[in-house]
Each structure stands twice: as C-alpha cells, then as structure tokens.
$ cat entry25.csv   # CSV, C-alpha atoms
chain,number,residue,atom,x,y,z
A,1,MET,CA,-1.8,-22.3,-6.1
A,2,ASN,CA,-2.4,-23.9,-2.7
A,3,LYS,CA,-5.1,-22.6,-0.3
A,4,LEU,CA,-2.6,-20.8,1.9
A,5,THR,CA,-1.1,-18.8,-1.0
A,6,PHE,CA,-4.6,-18.0,-2.3
A,7,TRP,CA,-5.6,-16.5,1.0
A,8,MET,CA,-2.3,-14.7,1.6
A,9,LEU,CA,-2.9,-12.9,-1.8
A,10,LYS,CA,-6.6,-12.4,-1.3
A,11,GLN,CA,-6.3,-10.8,2.2
A,12,ALA,CA,-4.5,-7.8,0.6
A,13,HIS,CA,-8.0,-6.3,0.3
A,14,ILE,CA,-7.5,-5.5,3.9
A,15,VAL,CA,-5.0,-2.8,2.8
A,16,TRP,CA,-7.5,-0.6,1.1
A,17,LEU,CA,-10.4,-1.4,3.4
A,18,VAL,CA,-8.6,-0.4,6.6
A,19,SER,CA,-7.0,2.5,4.8
A,20,ILE,CA,-10.5,4.1,4.5
A,21,ILE,CA,-10.3,4.5,8.3
A,22,ASN,CA,-6.9,6.3,8.1
A,23,ILE,CA,-7.9,8.5,5.2
A,24,GLY,CA,-11.2,9.6,6.7
A,25,ILE,CA,-10.6,9.6,10.5
A,26,GLY,CA,-9.3,13.2,10.5
A,27,MET,CA,-12.7,14.4,9.3
A,28,VAL,CA,-14.3,13.5,12.6
A,29,ILE,CA,-11.7,14.8,15.0
A,30,PRO,CA,-12.7,18.0,16.7
A,31,ASP,CA,-10.6,21.0,15.7
A,32,PHE,CA,-8.3,18.8,13.5
A,33,ASP,CA,-7.1,20.6,10.4
A,34,PHE,CA,-7.9,17.8,7.8
A,35,MET,CA,-6.6,19.9,4.9
A,36,ALA,CA,-3.2,20.8,6.4
A,37,LYS,CA,-2.3,18.0,8.8
A,38,SER,CA,-1.1,14.6,7.4
A,39,ILE,CA,-2.6,11.3,8.2
A,40,SER,CA,0.2,10.6,10.7
A,41,HIS,CA,-0.7,13.7,12.7
A,42,VAL,CA,-3.8,11.7,13.9
A,43,ALA,CA,-1.4,9.7,16.1
A,44,LEU,CA,-0.8,12.9,18.1
A,45,GLU,CA,-4.5,13.5,18.9
A,46,SER,CA,-6.6,12.1,21.8
A,47,PRO,CA,-6.1,8.4,22.6
A,48,ALA,CA,-9.3,7.2,21.0
A,49,PHE,CA,-8.4,8.6,17.6
A,50,ALA,CA,-4.6,8.1,17.9
A,51,TYR,CA,-4.8,4.4,18.8
A,52,THR,CA,-7.5,3.7,16.2
A,53,HIS,CA,-5.1,5.2,13.6
A,54,ARG,CA,-2.0,3.5,14.9
A,55,GLY,CA,-3.8,0.1,15.0
A,56,ALA,CA,-5.0,0.6,11.4
A,57,ASP,CA,-1.4,1.3,10.3
A,58,ILE,CA,-0.2,-1.9,11.9
A,59,VAL,CA,-3.0,-4.0,10.3
A,60,ILE,CA,-2.3,-2.5,6.9
A,61,GLY,CA,1.5,-3.2,7.3
A,62,LEU,CA,0.9,-6.8,8.4
A,63,SER,CA,-1.4,-7.3,5.4
A,64,MET,CA,1.3,-6.0,3.0
A,65,CYS,CA,3.8,-8.3,4.6
A,66,ILE,CA,1.5,-11.3,4.2
A,67,PHE,CA,0.8,-10.3,0.6
A,68,ALA,CA,4.6,-10.2,0.0
A,69,VAL,CA,5.0,-13.7,1.4
A,70,GLY,CA,2.0,-14.8,-0.8
A,71,VAL,CA,3.8,-13.4,-3.9
A,72,TYR,CA,6.9,-15.3,-3.0
A,73,SER,CA,4.9,-18.5,-2.5
A,74,TYR,CA,3.1,-18.0,-5.8
A,75,ILE,CA,6.1,-17.5,-8.1
A,76,LYS,CA,8.4,-19.7,-5.9
A,77,ARG,CA,11.3,-17.4,-6.2
A,78,PHE,CA,12.7,-14.2,-4.6
A,79,SER,CA,11.5,-11.1,-6.4
A,80,SER,CA,11.6,-7.3,-6.1
A,81,THR,CA,7.8,-7.4,-5.7
A,82,SER,CA,8.0,-9.5,-2.5
A,83,LEU,CA,10.9,-7.6,-1.1
A,84,SER,CA,9.5,-4.1,-1.8
A,85,SER,CA,6.0,-5.1,-0.6
A,86,PHE,CA,7.5,-6.5,2.6
A,87,LEU,CA,9.6,-3.5,3.3
A,88,LEU,CA,6.6,-1.2,2.7
A,89,GLY,CA,4.6,-3.3,5.1
A,90,ILE,CA,7.4,-2.9,7.7
A,91,SER,CA,7.3,0.8,7.2
A,92,MET,CA,3.6,0.9,7.8
A,93,ILE,CA,3.9,-1.2,11.0
A,94,SER,CA,6.6,1.2,12.2
A,95,ALA,CA,4.2,4.1,11.6
A,96,GLY,CA,1.8,2.5,13.9
A,97,VAL,CA,4.4,1.8,16.6
A,98,TRP,CA,6.2,5.1,16.5
A,99,THR,CA,4.8,8.6,15.9
A,100,LEU,CA,6.1,11.5,13.8
A,101,GLU,CA,8.2,12.6,16.8
A,102,THR,CA,10.8,9.9,16.0
A,103,PRO,CA,12.7,9.0,12.8
A,104,LEU,CA,11.6,5.4,13.5
A,105,HIS,CA,8.2,6.5,12.2
A,106,LEU,CA,8.2,4.9,8.7
A,107,LEU,CA,11.7,3.6,9.6
A,108,TYR,CA,13.7,6.5,8.2
A,109,ASN,CA,11.4,6.8,5.1
A,110,LEU,CA,11.5,3.1,4.3
A,111,SER,CA,8.1,3.9,2.7
A,112,ILE,CA,9.9,5.0,-0.4
A,113,PHE,CA,9.8,1.4,-1.5
A,114,MET,CA,6.2,2.0,-2.5
A,115,ILE,CA,7.6,3.3,-5.7
A,116,ILE,CA,8.9,-0.1,-6.8
A,117,VAL,CA,5.8,-2.2,-5.8
A,118,PRO,CA,3.4,-1.6,-8.6
A,119,MET,CA,5.8,-1.7,-11.6
A,120,SER,CA,7.7,-4.8,-10.3
A,121,PHE,CA,4.4,-6.6,-9.6
A,122,ALA,CA,3.2,-5.8,-13.2
A,123,LEU,CA,6.4,-7.2,-14.6
A,124,ASP,CA,6.4,-10.3,-12.4
A,125,PHE,CA,2.8,-11.2,-13.3
A,126,LYS,CA,2.7,-9.9,-16.8
A,127,ASN,CA,2.0,-13.3,-18.4
A,128,ILE,CA,-0.4,-14.4,-15.6
A,129,ILE,CA,-2.6,-11.4,-15.3
A,130,ASN,CA,-2.2,-10.5,-19.0
A,131,SER,CA,-3.9,-7.1,-18.8
A,132,ARG,CA,-2.5,-4.1,-20.6
A,133,ALA,CA,-4.8,-1.8,-18.7
A,134,PHE,CA,-3.4,-3.1,-15.3
A,135,GLU,CA,0.1,-2.7,-16.6
A,136,ASN,CA,-0.6,0.9,-17.6
A,137,PHE,CA,-2.3,1.6,-14.2
A,138,SER,CA,0.7,0.2,-12.3
A,139,VAL,CA,3.1,2.4,-14.3
A,140,LEU,CA,0.9,5.4,-13.6
A,141,VAL,CA,0.9,4.6,-9.9
A,142,THR,CA,4.7,4.2,-9.9
A,143,LEU,CA,5.0,7.6,-11.7
A,144,LEU,CA,2.6,9.2,-9.2
A,145,HIS,CA,4.8,8.0,-6.3
A,146,VAL,CA,8.0,9.4,-8.0
A,147,PHE,CA,6.4,12.8,-8.5
A,148,MET,CA,4.9,12.9,-5.1
A,149,PHE,CA,8.2,12.2,-3.3
A,150,TRP,CA,9.8,14.8,-5.6
A,151,PHE,CA,7.1,17.4,-4.7
A,152,ILE,CA,7.4,16.6,-1.0
A,153,TYR,CA,11.2,16.8,-0.8
A,154,ALA,CA,11.3,19.9,-3.0
A,155,GLY,CA,8.7,21.6,-0.9
A,156,PHE,CA,6.3,22.1,-3.8
A,157,ILE,CA,3.2,21.2,-1.8
A,158,PRO,CA,1.6,24.2,0.0
A,159,GLN,CA,1.5,23.5,3.7
A,160,GLU,CA,-2.2,24.5,4.0
A,161,ILE,CA,-3.3,21.6,1.7
A,162,ASN,CA,-0.6,19.1,2.6
A,163,GLY,CA,-3.0,16.8,4.4
A,164,LEU,CA,-5.5,16.8,1.6
A,165,ILE,CA,-2.9,16.0,-1.0
A,166,GLN,CA,-1.5,13.1,1.1
A,167,ARG,CA,-5.0,11.6,1.5
A,168,LEU,CA,-5.7,11.9,-2.2
A,169,TRP,CA,-2.4,10.2,-2.8
A,170,ALA,CA,-3.2,7.4,-0.4
A,171,ILE,CA,-6.3,6.4,-2.4
A,172,PRO,CA,-4.5,5.0,-5.5
A,173,THR,CA,-1.6,3.8,-3.3
A,174,MET,CA,-3.7,1.6,-1.1
A,175,GLY,CA,-6.3,0.8,-3.7
A,176,TRP,CA,-3.7,-0.6,-6.0
A,177,PHE,CA,-3.2,-3.6,-3.6
A,178,GLY,CA,-6.9,-4.5,-3.8
A,179,ILE,CA,-6.8,-4.4,-7.6
A,180,ALA,CA,-3.6,-6.4,-7.8
A,181,ALA,CA,-5.0,-9.0,-5.4
A,182,HIS,CA,-8.3,-9.2,-7.3
A,183,LEU,CA,-6.7,-9.7,-10.7
A,184,LEU,CA,-4.3,-12.3,-9.4
A,185,VAL,CA,-6.8,-14.6,-7.7
A,186,GLN,CA,-9.6,-14.3,-10.1
A,187,GLN,CA,-10.0,-17.1,-12.7
A,188,LYS,CA,-10.6,-14.9,-15.7
A,189,PHE,CA,-7.3,-13.1,-15.3
A,190,LEU,CA,-5.1,-16.2,-15.0
A,191,ALA,CA,-3.7,-17.1,-18.4
A,192,ASN,CA,-6.9,-18.8,-19.6
A,193,LYS,CA,-7.0,-21.4,-16.9
A,194,PRO,CA,-9.0,-21.6,-13.7
A,195,ILE,CA,-7.5,-21.2,-10.2
A,196,LYS,CA,-7.0,-24.5,-8.6
A,197,VAL,CA,-7.0,-24.2,-4.8
A,198,ASP,CA,-5.5,-27.4,-3.4
A,199,ALA,CA,-7.0,-29.0,-0.4
$ encode --input "entry25.csv" --output "structure tokens"
Amino acid sequence: MNKLTFWMLKQAHIVWLVSIINIGIGMVIPDFDFMAKSISHVALESPAFAYTHRGADIVIGLSMCIFAVGVYSYIKRFSSTSLSSFLLGISMISAGVWTLETPLHLLYNLSIFMIIVPMSFALDFKNIINSRAFENFSVLVTLLHVFMFWFIYAGFIPQEINGLIQRLWAIPTMGWFGIAAHLLVQQKFLANKPIKVDA
C-alpha cells in the first residue's frame, strides 16, 4: 500500500466526523422541529445553518469519493465497492449543492447505492480484514438500509418522528465508513502482516 492510497482510505474518518454536524445541527436551530424534519430540511433554514449543513454534505461526499478511489487503488481493479461508494459520494455532494426543492437533490435518489457499499466492501476485503464481526456488522447495515428504504417508500414512518428516525439511521450509515477505514489501515487487521507505507 503506497502512502497516497493509505491516506485516501484513512481520510474516510471525515465521513462520520463531519456527519456529527449534520445529525446534530437541527437541535440548535430556533423553532426547528428536530423530531419531524429531515436533515435535508436544514438547508431551507437561515443562511448560517443552511450553508453549514450544505458544506458538510459536500465534504462528506468528497470524502466518500476519495475513499472509493482509495479502494480502487488498493485492490487494483474495478469493484462494486468503489463504484457504489463513489456514486454515494456524488449523491451527498449533490445534496449540498441542491436543496429538497429539486430532484437534483441526492440526484434522483442516487443515495440508494448506500445499500451496496457495506456488503460489497466486506466481500472485497474478506481475506484482508479477516473479521467475522465486521462481516456481520456490514450485513446488518446493508439490511438496515433495505428496510429503511422500504419503510420510507411504503410510508411506514410516522411524519412526526421522521427526522428522528433519519438521524438515528445516519449514525450506523456514516459510522460504518470510519470502522471500515480503521480496520483496513490498521496493522493487526491486515492478514497477519504489517502495513507498509511506501515512501
């Protein structure tokens, strides 16, 4: 693993770190219904909050795209992990550029590719990370995404708690990137051999 690939993977911690802003920002907006309104509704609030949220979305999306390139560089081949991570990143960037008022927000639900990311990553790096616990966690996150999209499209989530449910969903969604990056770049999870970062 060369130094550039190492840092492209490691920087994925930005995803969950910056997501803390987006998950929690609604709590400090005056008269904002944190329980009912989604994270994306913050972009319709006053400029200070809206641009903070939109900037965070763009940073998160760029981090996901860089992570996708890092995955490609690491395994040296095209994979569903790199494709789905990159498309998810593009959807997050679009969420920062456009608001809920246009279908370009999340690029016509391109964010659905989040379903594929955890399971495909676990398969691609099964023999490198070598962790049954991480595999199980990735499968659970994938199942969570499937059920959440089903609940959303079927209208099963009560409107009065829609925002809270989305924020709770964002925790494992964004946190998964940090765990994946940590396991991949740490020596003890790499097939019994240390990471070698080339100069």
$ atom_distance --input "entry25.csv" --atom1 "atom CA of A:Thr173" --atom2 "atom CA of A:Leu4"
25.2 Å
$ closest_residue --input "entry25.csv" --among "A:Leu44, A:Gly178, A:Ser80, A:Phe125" --to "A:His13" --atoms "only C-alpha atoms"
A:Gly178
$ closest_residue --input "entry25.csv" --among "A:Ile58, A:Val69, A:Met174, A:Ala122" --to "A:Ala95" --atoms "all atoms listed in the file"
A:Ile58
$ residues_near_point --input "entry25.csv" --point "(-1.8, 5.5, -1.0)" --cutoff "12 Å" --atoms "only C-alpha atoms" --output "ChimeraX atom specification"
/A:15-20,22-23,39,60,88,92,111-112,114-115,117-118,141-142,144-145,148,165-178
$ atom_distance --input "entry25.csv" --atom1 "atom CA of A:His41" --atom2 "atom CA of A:Ser85"
24.0 Å
$ atom_distance --input "entry25.csv" --atom1 "atom CA of A:Pro30" --atom2 "atom CA of A:Ala43"
14.0 Å
$ residues_near_point --input "entry25.csv" --point "(0.7, -0.6, -17.6)" --cutoff "12 Å" --atoms "all atoms listed in the file" --output "PyMOL selection string"
chain A and resi 118-123+125-126+129-143
$ write_last_selection --input "entry25.csv" --atoms "C-alpha atoms" --output "PDB file, in the coordinates of the input"
ATOM      1  CA  PRO A 118       3.400  -1.600  -8.600  1.00  0.00           C
ATOM      2  CA  MET A 119       5.800  -1.700 -11.600  1.00  0.00           C
ATOM      3  CA  SER A 120       7.700  -4.800 -10.300  1.00  0.00           C
ATOM      4  CA  PHE A 121       4.400  -6.600  -9.600  1.00  0.00           C
ATOM      5  CA  ALA A 122       3.200  -5.800 -13.200  1.00  0.00           C
ATOM      6  CA  LEU A 123       6.400  -7.200 -14.600  1.00  0.00           C
ATOM      7  CA  PHE A 125       2.800 -11.200 -13.300  1.00  0.00           C
ATOM      8  CA  LYS A 126       2.700  -9.900 -16.800  1.00  0.00           C
ATOM      9  CA  ILE A 129      -2.600 -11.400 -15.300  1.00  0.00           C
ATOM     10  CA  ASN A 130      -2.200 -10.500 -19.000  1.00  0.00           C
ATOM     11  CA  SER A 131      -3.900  -7.100 -18.800  1.00  0.00           C
ATOM     12  CA  ARG A 132      -2.500  -4.100 -20.600  1.00  0.00           C
ATOM     13  CA  ALA A 133      -4.800  -1.800 -18.700  1.00  0.00           C
ATOM     14  CA  PHE A 134      -3.400  -3.100 -15.300  1.00  0.00           C
ATOM     15  CA  GLU A 135       0.100  -2.700 -16.600  1.00  0.00           C
ATOM     16  CA  ASN A 136      -0.600   0.900 -17.600  1.00  0.00           C
ATOM     17  CA  PHE A 137      -2.300   1.600 -14.200  1.00  0.00           C
ATOM     18  CA  SER A 138       0.700   0.200 -12.300  1.00  0.00           C
ATOM     19  CA  VAL A 139       3.100   2.400 -14.300  1.00  0.00           C
ATOM     20  CA  LEU A 140       0.900   5.400 -13.600  1.00  0.00           C
ATOM     21  CA  VAL A 141       0.900   4.600  -9.900  1.00  0.00           C
ATOM     22  CA  THR A 142       4.700   4.200  -9.900  1.00  0.00           C
ATOM     23  CA  LEU A 143       5.000   7.600 -11.700  1.00  0.00           C
TER      24      LEU A 143
END
$ closest_residue --input "entry25.csv" --among "A:Ala180, A:Val71, A:Leu100, A:Val28" --to "A:Phe6" --atoms "only C-alpha atoms"
A:Val71
$ residues_around --input "entry25.csv" --residues "A:Ile90" --least-positions-apart "3" --cutoff "9 Å" --atoms "all atoms listed in the file" --output "PyMOL selection string"
chain A and resi 58+61-62+64-65+85-87+93-95+106-107+110-111
$ residues_around --input "entry25.csv" --residues "A:Phe34" --least-positions-apart "2" --cutoff "10 Å" --atoms "only C-alpha atoms" --output "PDB file with C-alpha atoms, keeping the file's coordinate frame"
ATOM      1  CA  ILE A  23      -7.900   8.500   5.200  1.00  0.00           C
ATOM      2  CA  GLY A  24     -11.200   9.600   6.700  1.00  0.00           C
ATOM      3  CA  ILE A  25     -10.600   9.600  10.500  1.00  0.00           C
ATOM      4  CA  GLY A  26      -9.300  13.200  10.500  1.00  0.00           C
ATOM      5  CA  MET A  27     -12.700  14.400   9.300  1.00  0.00           C
ATOM      6  CA  VAL A  28     -14.300  13.500  12.600  1.00  0.00           C
ATOM      7  CA  ILE A  29     -11.700  14.800  15.000  1.00  0.00           C
ATOM      8  CA  ASP A  31     -10.600  21.000  15.700  1.00  0.00           C
ATOM      9  CA  PHE A  32      -8.300  18.800  13.500  1.00  0.00           C
ATOM     10  CA  ALA A  36      -3.200  20.800   6.400  1.00  0.00           C
ATOM     11  CA  LYS A  37      -2.300  18.000   8.800  1.00  0.00           C
ATOM     12  CA  SER A  38      -1.100  14.600   7.400  1.00  0.00           C
ATOM     13  CA  ILE A  39      -2.600  11.300   8.200  1.00  0.00           C
ATOM     14  CA  HIS A  41      -0.700  13.700  12.700  1.00  0.00           C
ATOM     15  CA  VAL A  42      -3.800  11.700  13.900  1.00  0.00           C
ATOM     16  CA  GLU A 160      -2.200  24.500   4.000  1.00  0.00           C
ATOM     17  CA  ILE A 161      -3.300  21.600   1.700  1.00  0.00           C
ATOM     18  CA  ASN A 162      -0.600  19.100   2.600  1.00  0.00           C
ATOM     19  CA  GLY A 163      -3.000  16.800   4.400  1.00  0.00           C
ATOM     20  CA  LEU A 164      -5.500  16.800   1.600  1.00  0.00           C
ATOM     21  CA  ARG A 167      -5.000  11.600   1.500  1.00  0.00           C
TER      22      ARG A 167
END
$ closest_residue --input "entry25.csv" --among "A:Ser40, A:Ser73, A:Ser84, A:Asn2" --to "A:Val97" --atoms "all atoms listed in the file"
A:Ser40
$ decode --input "entry25.csv" --residues "stretch 9-103 of chain A" --atoms "C-alpha atoms" --output "PDB file, in the first residue's frame"
ATOM      1  CA  LEU A   9      -8.555   5.224   2.858  1.00  0.00           C
ATOM      2  CA  LYS A  10      -7.766   6.757   6.242  1.00  0.00           C
ATOM      3  CA  GLN A  11      -9.420  10.090   5.436  1.00  0.00           C
ATOM      4  CA  ALA A  12     -12.806   8.294   5.356  1.00  0.00           C
ATOM      5  CA  HIS A  13     -12.994   9.126   9.074  1.00  0.00           C
ATOM      6  CA  ILE A  14     -14.052  12.559   7.822  1.00  0.00           C
ATOM      7  CA  VAL A  15     -17.396  10.996   6.845  1.00  0.00           C
ATOM      8  CA  TRP A  16     -18.522  10.217  10.387  1.00  0.00           C
ATOM      9  CA  LEU A  17     -16.783  13.195  11.989  1.00  0.00           C
ATOM     10  CA  VAL A  18     -18.475  15.767   9.749  1.00  0.00           C
ATOM     11  CA  SER A  19     -21.761  13.828   9.925  1.00  0.00           C
ATOM     12  CA  ILE A  20     -21.937  14.720  13.612  1.00  0.00           C
ATOM     13  CA  ILE A  21     -22.572  18.309  12.473  1.00  0.00           C
ATOM     14  CA  ASN A  22     -25.394  17.309  10.136  1.00  0.00           C
ATOM     15  CA  ILE A  23     -27.026  14.960  12.613  1.00  0.00           C
ATOM     16  CA  GLY A  24     -26.977  17.458  15.462  1.00  0.00           C
ATOM     17  CA  ILE A  25     -27.302  20.873  13.837  1.00  0.00           C
ATOM     18  CA  GLY A  26     -31.098  20.779  13.888  1.00  0.00           C
ATOM     19  CA  MET A  27     -31.031  20.742  17.685  1.00  0.00           C
ATOM     20  CA  VAL A  28     -29.660  24.280  17.852  1.00  0.00           C
ATOM     21  CA  ILE A  29     -31.871  25.920  15.210  1.00  0.00           C
ATOM     22  CA  PRO A  30     -34.595  28.055  16.803  1.00  0.00           C
ATOM     23  CA  ASP A  31     -38.114  26.696  16.183  1.00  0.00           C
ATOM     24  CA  PHE A  32     -36.796  23.828  14.051  1.00  0.00           C
ATOM     25  CA  ASP A  33     -38.765  20.591  14.533  1.00  0.00           C
ATOM     26  CA  PHE A  34     -35.836  18.213  15.084  1.00  0.00           C
ATOM     27  CA  MET A  35     -38.158  15.226  15.524  1.00  0.00           C
ATOM     28  CA  ALA A  36     -40.208  15.683  12.360  1.00  0.00           C
ATOM     29  CA  LYS A  37     -37.978  17.470   9.839  1.00  0.00           C
ATOM     30  CA  SER A  38     -35.255  15.584   7.988  1.00  0.00           C
ATOM     31  CA  ILE A  39     -31.586  16.529   7.958  1.00  0.00           C
ATOM     32  CA  SER A  40     -32.023  17.986   4.466  1.00  0.00           C
ATOM     33  CA  HIS A  41     -34.627  20.463   5.752  1.00  0.00           C
ATOM     34  CA  VAL A  42     -31.786  22.308   7.474  1.00  0.00           C
ATOM     35  CA  ALA A  43     -30.764  23.616   4.021  1.00  0.00           C
ATOM     36  CA  LEU A  44     -34.037  25.583   3.955  1.00  0.00           C
ATOM     37  CA  GLU A  45     -33.295  27.413   7.215  1.00  0.00           C
ATOM     38  CA  SER A  46     -31.380  30.669   7.753  1.00  0.00           C
ATOM     39  CA  PRO A  47     -28.097  31.001   5.805  1.00  0.00           C
ATOM     40  CA  ALA A  48     -25.760  30.342   8.746  1.00  0.00           C
ATOM     41  CA  PHE A  49     -27.318  26.943   9.395  1.00  0.00           C
ATOM     42  CA  ALA A  50     -28.156  26.141   5.776  1.00  0.00           C
ATOM     43  CA  TYR A  51     -24.662  26.715   4.395  1.00  0.00           C
ATOM     44  CA  THR A  52     -23.024  24.928   7.313  1.00  0.00           C
ATOM     45  CA  HIS A  53     -25.189  21.888   6.560  1.00  0.00           C
ATOM     46  CA  ARG A  54     -24.681  22.082   2.794  1.00  0.00           C
ATOM     47  CA  GLY A  55     -20.927  22.495   3.164  1.00  0.00           C
ATOM     48  CA  ALA A  56     -20.860  19.454   5.442  1.00  0.00           C
ATOM     49  CA  ASP A  57     -22.753  17.416   2.831  1.00  0.00           C
ATOM     50  CA  ILE A  58     -20.191  18.342   0.181  1.00  0.00           C
ATOM     51  CA  VAL A  59     -17.244  17.489   2.447  1.00  0.00           C
ATOM     52  CA  ILE A  60     -18.821  14.124   3.330  1.00  0.00           C
ATOM     53  CA  GLY A  61     -19.465  13.367  -0.354  1.00  0.00           C
ATOM     54  CA  LEU A  62     -15.925  14.275  -1.374  1.00  0.00           C
ATOM     55  CA  SER A  63     -14.554  12.048   1.387  1.00  0.00           C
ATOM     56  CA  MET A  64     -16.667   9.127   0.138  1.00  0.00           C
ATOM     57  CA  CYS A  65     -15.416   9.679  -3.425  1.00  0.00           C
ATOM     58  CA  ILE A  66     -11.793   9.758  -2.258  1.00  0.00           C
ATOM     59  CA  PHE A  67     -12.400   6.581  -0.248  1.00  0.00           C
ATOM     60  CA  ALA A  68     -13.794   4.944  -3.408  1.00  0.00           C
ATOM     61  CA  VAL A  69     -10.642   5.860  -5.337  1.00  0.00           C
ATOM     62  CA  GLY A  70      -8.557   4.535  -2.434  1.00  0.00           C
ATOM     63  CA  VAL A  71     -10.384   1.199  -2.585  1.00  0.00           C
ATOM     64  CA  TYR A  72      -9.731   1.011  -6.335  1.00  0.00           C
ATOM     65  CA  SER A  73      -6.061   1.828  -5.784  1.00  0.00           C
ATOM     66  CA  TYR A  74      -5.738  -0.754  -3.017  1.00  0.00           C
ATOM     67  CA  ILE A  75      -7.202  -3.750  -4.829  1.00  0.00           C
ATOM     68  CA  LYS A  76      -6.055  -2.528  -8.260  1.00  0.00           C
ATOM     69  CA  ARG A  77      -9.251  -3.446 -10.030  1.00  0.00           C
ATOM     70  CA  PHE A  78     -12.732  -2.123 -10.610  1.00  0.00           C
ATOM     71  CA  SER A  79     -15.186  -3.257  -7.929  1.00  0.00           C
ATOM     72  CA  SER A  80     -18.766  -2.734  -6.810  1.00  0.00           C
ATOM     73  CA  THR A  81     -17.362  -1.181  -3.626  1.00  0.00           C
ATOM     74  CA  SER A  82     -15.512   1.574  -5.434  1.00  0.00           C
ATOM     75  CA  LEU A  83     -18.444   2.234  -7.793  1.00  0.00           C
ATOM     76  CA  SER A  84     -21.146   2.300  -5.108  1.00  0.00           C
ATOM     77  CA  SER A  85     -19.028   4.381  -2.709  1.00  0.00           C
ATOM     78  CA  PHE A  86     -18.284   6.881  -5.463  1.00  0.00           C
ATOM     79  CA  LEU A  87     -21.950   7.171  -6.502  1.00  0.00           C
ATOM     80  CA  LEU A  88     -22.996   7.597  -2.877  1.00  0.00           C
ATOM     81  CA  GLY A  89     -20.403  10.345  -2.574  1.00  0.00           C
ATOM     82  CA  ILE A  90     -21.790  12.063  -5.675  1.00  0.00           C
ATOM     83  CA  SER A  91     -25.287  11.913  -4.174  1.00  0.00           C
ATOM     84  CA  MET A  92     -24.034  13.559  -0.966  1.00  0.00           C
ATOM     85  CA  ILE A  93     -22.275  16.297  -2.929  1.00  0.00           C
ATOM     86  CA  SER A  94     -25.492  16.937  -4.858  1.00  0.00           C
ATOM     87  CA  ALA A  95     -27.380  17.179  -1.562  1.00  0.00           C
ATOM     88  CA  GLY A  96     -25.086  20.044  -0.636  1.00  0.00           C
ATOM     89  CA  VAL A  97     -25.396  21.774  -3.998  1.00  0.00           C
ATOM     90  CA  TRP A  98     -29.175  21.451  -4.440  1.00  0.00           C
ATOM     91  CA  THR A  99     -31.928  21.534  -1.808  1.00  0.00           C
ATOM     92  CA  LEU A 100     -35.039  19.381  -1.351  1.00  0.00           C
ATOM     93  CA  GLU A 101     -36.905  21.642  -3.754  1.00  0.00           C
ATOM     94  CA  THR A 102     -35.287  19.990  -6.786  1.00  0.00           C
ATOM     95  CA  PRO A 103     -34.948  16.317  -7.840  1.00  0.00           C
TER      96      PRO A 103
END
